[in-house]
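As provided, protein_16.pdb (PDB, C-alpha atoms, pLDDT in the B column) reads as follows.
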```pdb
ATOM      1  CA  MET A 657       8.116   4.477 -12.526  1.00 41.00           C
ATOM      2  CA  SER A 658      10.785   7.088 -12.746  1.00 55.00           C
ATOM      3  CA  VAL A 659      14.555   7.038 -12.780  1.00 60.00           C
ATOM      4  CA  ASP A 660      14.285   8.548  -9.303  1.00 91.00           C
ATOM      5  CA  THR A 661      12.520   5.386  -8.107  1.00 92.00           C
ATOM      6  CA  SER A 662      15.220   3.259  -9.688  1.00 94.00           C
ATOM      7  CA  ASP A 663      17.896   5.309  -7.911  1.00 95.00           C
ATOM      8  CA  ARG A 664      16.039   5.058  -4.590  1.00 95.00           C
ATOM      9  CA  ILE A 665      15.808   1.285  -4.995  1.00 97.00           C
ATOM     10  CA  MET A 666      19.545   1.084  -5.711  1.00 97.00           C
ATOM     11  CA  ASP A 667      20.343   3.411  -2.779  1.00 96.00           C
ATOM     12  CA  VAL A 668      18.489   1.165  -0.334  1.00 96.00           C
ATOM     13  CA  ALA A 669      19.927  -1.999  -1.885  1.00 96.00           C
ATOM     14  CA  HIS A 670      23.432  -0.516  -1.560  1.00 95.00           C
ATOM     15  CA  GLN A 671      22.830   0.254   2.110  1.00 93.00           C
ATOM     16  CA  LEU A 672      21.416  -3.211   2.758  1.00 94.00           C
ATOM     17  CA  LEU A 673      24.338  -4.869   0.969  1.00 94.00           C
ATOM     18  CA  ALA A 674      26.806  -2.926   3.134  1.00 90.00           C
ATOM     19  CA  GLU A 675      24.926  -3.830   6.304  1.00 89.00           C
ATOM     20  CA  ARG A 676      23.919  -7.437   5.580  1.00 90.00           C
ATOM     21  CA  GLY A 677      25.545  -8.848   2.456  1.00 90.00           C
ATOM     22  CA  PHE A 678      23.854 -10.489  -0.523  1.00 93.00           C
ATOM     23  CA  SER A 679      21.724 -13.192   1.064  1.00 91.00           C
ATOM     24  CA  ALA A 680      20.345 -11.294   4.032  1.00 90.00           C
ATOM     25  CA  PHE A 681      18.134  -8.764   2.242  1.00 93.00           C
ATOM     26  CA  SER A 682      15.094  -9.085   0.039  1.00 94.00           C
ATOM     27  CA  TYR A 683      12.847  -7.015  -2.166  1.00 95.00           C
ATOM     28  CA  ALA A 684      10.434  -6.891   0.780  1.00 95.00           C
ATOM     29  CA  ASP A 685      13.088  -5.014   2.797  1.00 95.00           C
ATOM     30  CA  ILE A 686      13.490  -2.483   0.001  1.00 96.00           C
ATOM     31  CA  ALA A 687       9.730  -2.129  -0.531  1.00 95.00           C
ATOM     32  CA  GLU A 688       9.253  -1.423   3.163  1.00 95.00           C
ATOM     33  CA  ALA A 689      12.087   1.116   3.277  1.00 94.00           C
ATOM     34  CA  ILE A 690      10.834   3.229   0.374  1.00 94.00           C
ATOM     35  CA  HIS A 691       7.114   2.447   0.625  1.00 93.00           C
ATOM     36  CA  ILE A 692       6.544   0.802  -2.729  1.00 94.00           C
ATOM     37  CA  ARG A 693       5.255  -2.593  -3.781  1.00 93.00           C
ATOM     38  CA  LYS A 694       7.662  -5.439  -4.554  1.00 93.00           C
ATOM     39  CA  ALA A 695       6.173  -5.553  -8.056  1.00 93.00           C
ATOM     40  CA  SER A 696       7.441  -2.014  -8.612  1.00 92.00           C
ATOM     41  CA  ILE A 697      10.965  -3.120  -7.754  1.00 94.00           C
ATOM     42  CA  HIS A 698      10.641  -6.069 -10.157  1.00 94.00           C
ATOM     43  CA  HIS A 699       9.600  -3.593 -12.868  1.00 93.00           C
ATOM     44  CA  HIS A 700      13.001  -1.884 -12.591  1.00 93.00           C
ATOM     45  CA  PHE A 701      15.081  -4.904 -11.632  1.00 96.00           C
ATOM     46  CA  PRO A 702      13.505  -8.222 -12.629  1.00 96.00           C
ATOM     47  CA  THR A 703      15.852 -10.193 -10.396  1.00 96.00           C
ATOM     48  CA  LYS A 704      17.905  -9.630  -7.286  1.00 96.00           C
ATOM     49  CA  THR A 705      20.984 -10.464  -9.347  1.00 97.00           C
ATOM     50  CA  ALA A 706      20.154  -7.702 -11.845  1.00 97.00           C
ATOM     51  CA  LEU A 707      19.668  -5.258  -8.977  1.00 98.00           C
ATOM     52  CA  VAL A 708      22.951  -6.143  -7.274  1.00 97.00           C
ATOM     53  CA  VAL A 709      24.856  -5.962 -10.571  1.00 98.00           C
ATOM     54  CA  ALA A 710      23.385  -2.485 -11.186  1.00 97.00           C
ATOM     55  CA  VAL A 711      24.304  -1.360  -7.670  1.00 97.00           C
ATOM     56  CA  LEU A 712      27.854  -2.685  -8.026  1.00 97.00           C
ATOM     57  CA  GLU A 713      28.293  -1.087 -11.443  1.00 98.00           C
ATOM     58  CA  ARG A 714      27.100   2.279 -10.104  1.00 97.00           C
ATOM     59  CA  HIS A 715      29.443   1.871  -7.101  1.00 97.00           C
ATOM     60  CA  ARG A 716      32.411   1.164  -9.412  1.00 97.00           C
ATOM     61  CA  LEU A 717      31.629   4.049 -11.752  1.00 97.00           C
ATOM     62  CA  ARG A 718      31.332   6.454  -8.824  1.00 96.00           C
ATOM     63  CA  MET A 719      34.647   5.194  -7.471  1.00 96.00           C
ATOM     64  CA  GLN A 720      36.291   5.718 -10.846  1.00 97.00           C
ATOM     65  CA  GLU A 721      34.871   9.254 -11.057  1.00 97.00           C
ATOM     66  CA  ALA A 722      36.235   9.997  -7.581  1.00 96.00           C
ATOM     67  CA  HIS A 723      39.648   8.661  -8.573  1.00 97.00           C
ATOM     68  CA  THR A 724      39.631  10.816 -11.704  1.00 97.00           C
ATOM     69  CA  GLY A 725      38.793  13.813  -9.521  1.00 97.00           C
ATOM     70  CA  LEU A 726      41.689  13.017  -7.204  1.00 97.00           C
ATOM     71  CA  ASP A 727      44.028  12.624 -10.182  1.00 97.00           C
ATOM     72  CA  GLU A 728      42.941  15.989 -11.584  1.00 97.00           C
ATOM     73  CA  HIS A 729      42.930  17.998  -8.359  1.00 97.00           C
ATOM     74  CA  VAL A 730      45.580  16.452  -6.109  1.00 97.00           C
ATOM     75  CA  SER A 731      49.088  16.549  -7.548  1.00 96.00           C
ATOM     76  CA  SER A 732      50.749  14.429  -4.860  1.00 97.00           C
ATOM     77  CA  PRO A 733      50.232  10.666  -5.293  1.00 98.00           C
ATOM     78  CA  VAL A 734      50.725  10.210  -1.543  1.00 97.00           C
ATOM     79  CA  ASP A 735      48.014  12.771  -0.821  1.00 97.00           C
ATOM     80  CA  ARG A 736      45.689  11.002  -3.284  1.00 98.00           C
ATOM     81  CA  LEU A 737      46.142   7.716  -1.425  1.00 98.00           C
ATOM     82  CA  LYS A 738      45.611   9.480   1.900  1.00 97.00           C
ATOM     83  CA  LYS A 739      42.407  11.087   0.611  1.00 97.00           C
ATOM     84  CA  TYR A 740      41.223   7.691  -0.610  1.00 97.00           C
ATOM     85  CA  VAL A 741      41.619   6.118   2.842  1.00 96.00           C
ATOM     86  CA  ASP A 742      40.325   9.284   4.565  1.00 96.00           C
ATOM     87  CA  TYR A 743      37.147   8.961   2.510  1.00 95.00           C
ATOM     88  CA  TRP A 744      36.587   5.446   3.849  1.00 95.00           C
ATOM     89  CA  GLU A 745      37.485   6.462   7.397  1.00 95.00           C
ATOM     90  CA  ALA A 746      34.803   9.179   7.249  1.00 93.00           C
ATOM     91  CA  CYS A 747      32.276   6.707   5.791  1.00 92.00           C
ATOM     92  CA  ILE A 748      32.985   4.264   8.605  1.00 92.00           C
ATOM     93  CA  ARG A 749      32.973   6.941  11.321  1.00 91.00           C
ATOM     94  CA  ASN A 750      29.742   8.545  10.080  1.00 91.00           C
ATOM     95  CA  MET A 751      28.156   5.189   9.173  1.00 87.00           C
ATOM     96  CA  THR A 752      27.309   6.552   5.701  1.00 87.00           C
ATOM     97  CA  GLU A 753      28.890   3.504   4.089  1.00 86.00           C
ATOM     98  CA  PRO A 754      30.451   1.337   6.760  1.00 83.00           C
ATOM     99  CA  PHE A 755      31.896  -1.154   4.270  1.00 88.00           C
ATOM    100  CA  CYS A 756      32.786  -1.244   0.582  1.00 93.00           C
ATOM    101  CA  ILE A 757      30.086  -3.436  -0.910  1.00 94.00           C
ATOM    102  CA  ALA A 758      32.459  -4.932  -3.486  1.00 95.00           C
ATOM    103  CA  ALA A 759      34.848  -5.981  -0.721  1.00 94.00           C
ATOM    104  CA  LEU A 760      32.036  -7.345   1.415  1.00 93.00           C
ATOM    105  CA  LEU A 761      30.600  -9.319  -1.489  1.00 95.00           C
ATOM    106  CA  GLY A 762      34.100 -10.457  -2.439  1.00 94.00           C
ATOM    107  CA  ALA A 763      34.096 -12.471   0.776  1.00 91.00           C
ATOM    108  CA  GLU A 764      30.880 -14.163  -0.391  1.00 92.00           C
ATOM    109  CA  LEU A 765      32.169 -14.737  -3.940  1.00 93.00           C
ATOM    110  CA  PRO A 766      31.829 -18.542  -4.256  1.00 93.00           C
ATOM    111  CA  GLY A 767      28.130 -18.418  -3.376  1.00 94.00           C
ATOM    112  CA  LEU A 768      27.167 -15.486  -5.613  1.00 96.00           C
ATOM    113  CA  PRO A 769      25.649 -15.546  -9.099  1.00 97.00           C
ATOM    114  CA  GLU A 770      28.206 -15.365 -11.913  1.00 97.00           C
ATOM    115  CA  GLU A 771      27.020 -11.918 -13.056  1.00 97.00           C
ATOM    116  CA  VAL A 772      27.653 -10.515  -9.573  1.00 97.00           C
ATOM    117  CA  GLN A 773      31.065 -12.197  -9.427  1.00 97.00           C
ATOM    118  CA  ILE A 774      32.016 -10.571 -12.728  1.00 98.00           C
ATOM    119  CA  GLU A 775      31.019  -7.100 -11.515  1.00 97.00           C
ATOM    120  CA  ILE A 776      32.982  -7.570  -8.277  1.00 97.00           C
ATOM    121  CA  GLY A 777      36.001  -8.513 -10.381  1.00 97.00           C
ATOM    122  CA  LYS A 778      35.609  -5.331 -12.445  1.00 98.00           C
ATOM    123  CA  HIS A 779      35.596  -3.271  -9.252  1.00 97.00           C
ATOM    124  CA  PHE A 780      38.815  -4.808  -7.969  1.00 97.00           C
ATOM    125  CA  ILE A 781      40.527  -4.460 -11.335  1.00 98.00           C
ATOM    126  CA  ALA A 782      39.625  -0.760 -11.521  1.00 98.00           C
ATOM    127  CA  LEU A 783      40.736  -0.094  -7.957  1.00 98.00           C
ATOM    128  CA  ARG A 784      44.002  -2.008  -8.356  1.00 98.00           C
ATOM    129  CA  GLN A 785      44.791  -0.192 -11.613  1.00 98.00           C
ATOM    130  CA  TRP A 786      44.241   3.223 -10.026  1.00 98.00           C
ATOM    131  CA  ILE A 787      46.338   2.424  -6.955  1.00 98.00           C
ATOM    132  CA  GLU A 788      49.093   0.894  -9.094  1.00 98.00           C
ATOM    133  CA  LYS A 789      49.171   3.963 -11.368  1.00 98.00           C
ATOM    134  CA  THR A 790      49.242   6.244  -8.321  1.00 98.00           C
ATOM    135  CA  LEU A 791      52.099   4.269  -6.777  1.00 98.00           C
ATOM    136  CA  LYS A 792      54.117   4.450  -9.991  1.00 98.00           C
ATOM    137  CA  GLU A 793      53.615   8.237 -10.095  1.00 97.00           C
ATOM    138  CA  GLY A 794      54.832   8.417  -6.501  1.00 97.00           C
ATOM    139  CA  VAL A 795      57.958   6.472  -7.433  1.00 97.00           C
ATOM    140  CA  LYS A 796      58.628   8.908 -10.301  1.00 97.00           C
ATOM    141  CA  GLN A 797      58.165  11.842  -7.912  1.00 95.00           C
ATOM    142  CA  LYS A 798      60.427  10.078  -5.381  1.00 96.00           C
ATOM    143  CA  SER A 799      57.783  10.276  -2.651  1.00 96.00           C
ATOM    144  CA  ILE A 800      57.026   6.534  -2.677  1.00 97.00           C
ATOM    145  CA  LYS A 801      59.424   3.617  -2.437  1.00 95.00           C
ATOM    146  CA  LEU A 802      58.115   0.199  -3.400  1.00 96.00           C
ATOM    147  CA  ARG A 803      59.369  -2.922  -1.682  1.00 94.00           C
ATOM    148  CA  ASP A 804      57.788  -5.112  -4.379  1.00 96.00           C
ATOM    149  CA  THR A 805      56.160  -4.533  -7.757  1.00 97.00           C
ATOM    150  CA  ALA A 806      53.546  -1.785  -8.012  1.00 97.00           C
ATOM    151  CA  ALA A 807      50.928  -4.482  -8.675  1.00 96.00           C
ATOM    152  CA  VAL A 808      51.790  -6.376  -5.468  1.00 97.00           C
ATOM    153  CA  GLU A 809      51.963  -3.156  -3.438  1.00 97.00           C
ATOM    154  CA  ALA A 810      48.558  -2.108  -4.833  1.00 98.00           C
ATOM    155  CA  GLU A 811      47.107  -5.440  -3.721  1.00 97.00           C
ATOM    156  CA  ALA A 812      48.698  -5.011  -0.287  1.00 97.00           C
ATOM    157  CA  LEU A 813      47.165  -1.562   0.140  1.00 97.00           C
ATOM    158  CA  MET A 814      43.767  -2.844  -0.984  1.00 97.00           C
ATOM    159  CA  ALA A 815      44.083  -5.683   1.531  1.00 96.00           C
ATOM    160  CA  ALA A 816      44.965  -3.223   4.299  1.00 97.00           C
ATOM    161  CA  VAL A 817      41.982  -0.998   3.456  1.00 97.00           C
ATOM    162  CA  HIS A 818      39.504  -3.863   3.223  1.00 96.00           C
ATOM    163  CA  GLY A 819      40.980  -5.684   6.206  1.00 95.00           C
ATOM    164  CA  GLY A 820      40.821  -2.394   8.109  1.00 95.00           C
ATOM    165  CA  MET A 821      37.116  -2.239   7.302  1.00 94.00           C
ATOM    166  CA  ILE A 822      36.639  -5.661   8.865  1.00 94.00           C
ATOM    167  CA  SER A 823      38.608  -4.669  11.980  1.00 94.00           C
ATOM    168  CA  ALA A 824      36.667  -1.414  12.240  1.00 93.00           C
ATOM    169  CA  ARG A 825      33.363  -3.277  11.975  1.00 91.00           C
ATOM    170  CA  VAL A 826      34.326  -5.955  14.508  1.00 93.00           C
ATOM    171  CA  ASN A 827      35.693  -3.398  16.982  1.00 92.00           C
ATOM    172  CA  SER A 828      33.242  -0.556  16.198  1.00 89.00           C
ATOM    173  CA  SER A 829      36.220   1.718  15.663  1.00 89.00           C
ATOM    174  CA  SER A 830      36.941   4.021  12.756  1.00 91.00           C
ATOM    175  CA  VAL A 831      40.089   4.974  14.686  1.00 93.00           C
ATOM    176  CA  LEU A 832      41.399   1.436  14.252  1.00 94.00           C
ATOM    177  CA  PHE A 833      40.725   1.662  10.495  1.00 95.00           C
ATOM    178  CA  LYS A 834      42.692   4.923  10.381  1.00 95.00           C
ATOM    179  CA  GLN A 835      45.609   3.358  12.265  1.00 96.00           C
ATOM    180  CA  ILE A 836      45.761   0.341   9.955  1.00 96.00           C
ATOM    181  CA  THR A 837      45.556   2.356   6.742  1.00 96.00           C
ATOM    182  CA  SER A 838      47.952   5.050   7.962  1.00 95.00           C
ATOM    183  CA  ASN A 839      50.528   2.349   8.697  1.00 95.00           C
ATOM    184  CA  ALA A 840      50.005   0.876   5.238  1.00 96.00           C
ATOM    185  CA  ILE A 841      50.616   4.219   3.561  1.00 96.00           C
ATOM    186  CA  GLN A 842      53.498   5.113   5.850  1.00 95.00           C
ATOM    187  CA  ARG A 843      55.212   1.897   4.762  1.00 94.00           C
ATOM    188  CA  LEU A 844      55.232   3.219   1.180  1.00 95.00           C
ATOM    189  CA  LEU A 845      56.853   6.590   1.919  1.00 93.00           C
ATOM    190  CA  THR A 846      60.471   7.305   1.107  1.00 74.00           C
ATOM    191  CA  LYS A 847      60.938   9.565   4.123  1.00 67.00           C
TER     192      LYS A 847
END
```

So, in terms of structure tokens, how does the structure I just supplied come out?
Amino acid sequence: MSVDTSDRIMDVAHQLLAERGFSAFSYADIAEAIHIRKASIHHHFPTKTALVVAVLERHRLRMQEAHTGLDEHVSSPVDRLKKYVDYWEACIRNMTEPFCIAALLGAELPGLPEEVQIEIGKHFIALRQWIEKTLKEGVKQKSIKLRDTAAVEAEALMAAVHGGMISARVNSSSVLFKQITSNAIQRLLTK
């Protein structure tokens, strides 16, 4: 088995997690989607928990790379936050990733294996830290005005983004997601 097979397995698992959550997919679903035997999946990922942890870790690392890219190429903290929510709006609109898997699994947290819970926690810590740092830069540049601490405001923006994902899913509307997240960012602006 190649790394390519491992990546294909994780790609399908990621998609199934975003569509169904942890409990509603199996190795049989993955095997059918990429035309391999379940034993081949077990070769790469002995357990469903190991697979989901690997998918979440890859998701977090990709998010962190994207945030680093925004930090390096977008000087305005406000524009960085807008690009972050625009990314999710496009994912929802195009159905490429209709829901952040860490957020979706966060709702299932009490019923998930401990290893999965830990990886979800790492995702939220990384996201909160990036948003908080971005907010603080915006305050220094006088483009953002915080009504509470940067940590609380970061949590509020995360809640708006993830809550917007739920509203978009329930109402089949990426426009609603955009409205919710635009309001959340607008609330942070000094102008």

Each residue of region 749-775 of chain A lying at most 9 Å from region 817-830 of chain A should get a row with its shortest atom-to-atom pair and the distance in Å to one decimal, counting all atoms listed in the file; could you produce that, ordered by chain and increasing number, as JSON lines?
```
{"residue": "A:Arg749", "atom": "CA", "partner": "A:Ser830", "partner_atom": "CA", "distance": 5.1}
{"residue": "A:Asn750", "atom": "CA", "partner": "A:Ser830", "partner_atom": "CA", "distance": 8.9}
{"residue": "A:Pro754", "atom": "CA", "partner": "A:Arg825", "partner_atom": "CA", "distance": 7.5}
{"residue": "A:Phe755", "atom": "CA", "partner": "A:Met821", "partner_atom": "CA", "distance": 6.1}
{"residue": "A:Cys756", "atom": "CA", "partner": "A:His818", "partner_atom": "CA", "distance": 7.7}
{"residue": "A:Ala759", "atom": "CA", "partner": "A:His818", "partner_atom": "CA", "distance": 6.5}
{"residue": "A:Leu760", "atom": "CA", "partner": "A:His818", "partner_atom": "CA", "distance": 8.4}
```

Among listed residues A:Ala782, A:Val741, A:Thr705, A:Val668, nearest Ala816 (chain A) (using only C-alpha atoms) | A:Val741

Have a look at CA of Gln797 (chain A) and CA of Pro733 (chain A) and let me know their distance in Å, one decimal.
->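 That distance, rounded to one decimal, is 8.4 Å.
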
If I put a ball of radius 9 Å at (47.8, -1.1, 0.5) in the file's coordinates, which residues poke into it when counting only C-alpha atoms, written as a ChimeraX atom specification?
-> /A:787,808-817,837,840-841,844

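When only C-alpha atoms are used to compute distances to Glu775 (chain A), the closest of the residues A:Asp742, A:Glu728, A:Glu753, A:Glu713 turns out to be A:Glu713.
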
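When only C-alpha atoms are used to compute distances to Lys738 (chain A), the closest of the residues A:Ala706, A:Leu783, A:Met751, A:Leu726 turns out to be A:Leu726.
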
Per-axis box centre and lengths in Å around region 738-751 of chain A, 3 Å margin per side, axis-aligned, as AutoDock Vina command-line options:
```
--center_x 36.9 --center_y 7.7 --center_z 5.4 --size_x 23.5 --size_y 12.8 --size_z 17.9
```

Take the PyMOL selection byres ((chain A and resi 714) around 12), apply it to the structure above, and return the hits as a list in words.
->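 Given this file, the PyMOL selection byres ((chain A and resi 714) around 12) evaluates to Ser662, Asp663, Met666, Asp667, Ala669, His670, Leu707, Val708, Val709, Ala710, Val711, Leu712, Glu713, His715, Arg716, Leu717, Arg718, Met719, Gln720, Glu721, Ile757, Ala758, Glu775, Ile776, Lys778 and His779 of chain A.
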
Which residue of A:Arg664, A:Gly677, A:Ala806, A:Ala684 approaches Gly762 (chain A) most closely, using all atoms listed in the file | A:Gly677

Protein/DNA/RNA residues near (12.1, -0.4, -1.0), cut 12 Å, all atoms listed in the file, as a VMD selection string = chain A and resid 661 to 672 681 to 698 700 to 701

I would like the residues chosen by the PyMOL selection byres ((chain A and resi 790) around 12) on the shown file; could you give them as number ranges by chain?
-> A: 723-724, 726-727, 730-738, 740, 783-789, 791-797, 799-800, 802, 806-807, 809-810, 813, 844

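The interatomic distance for the pair CA of Lys801 (chain A) and CA of Leu845 (chain A) works out to 5.9 Å.
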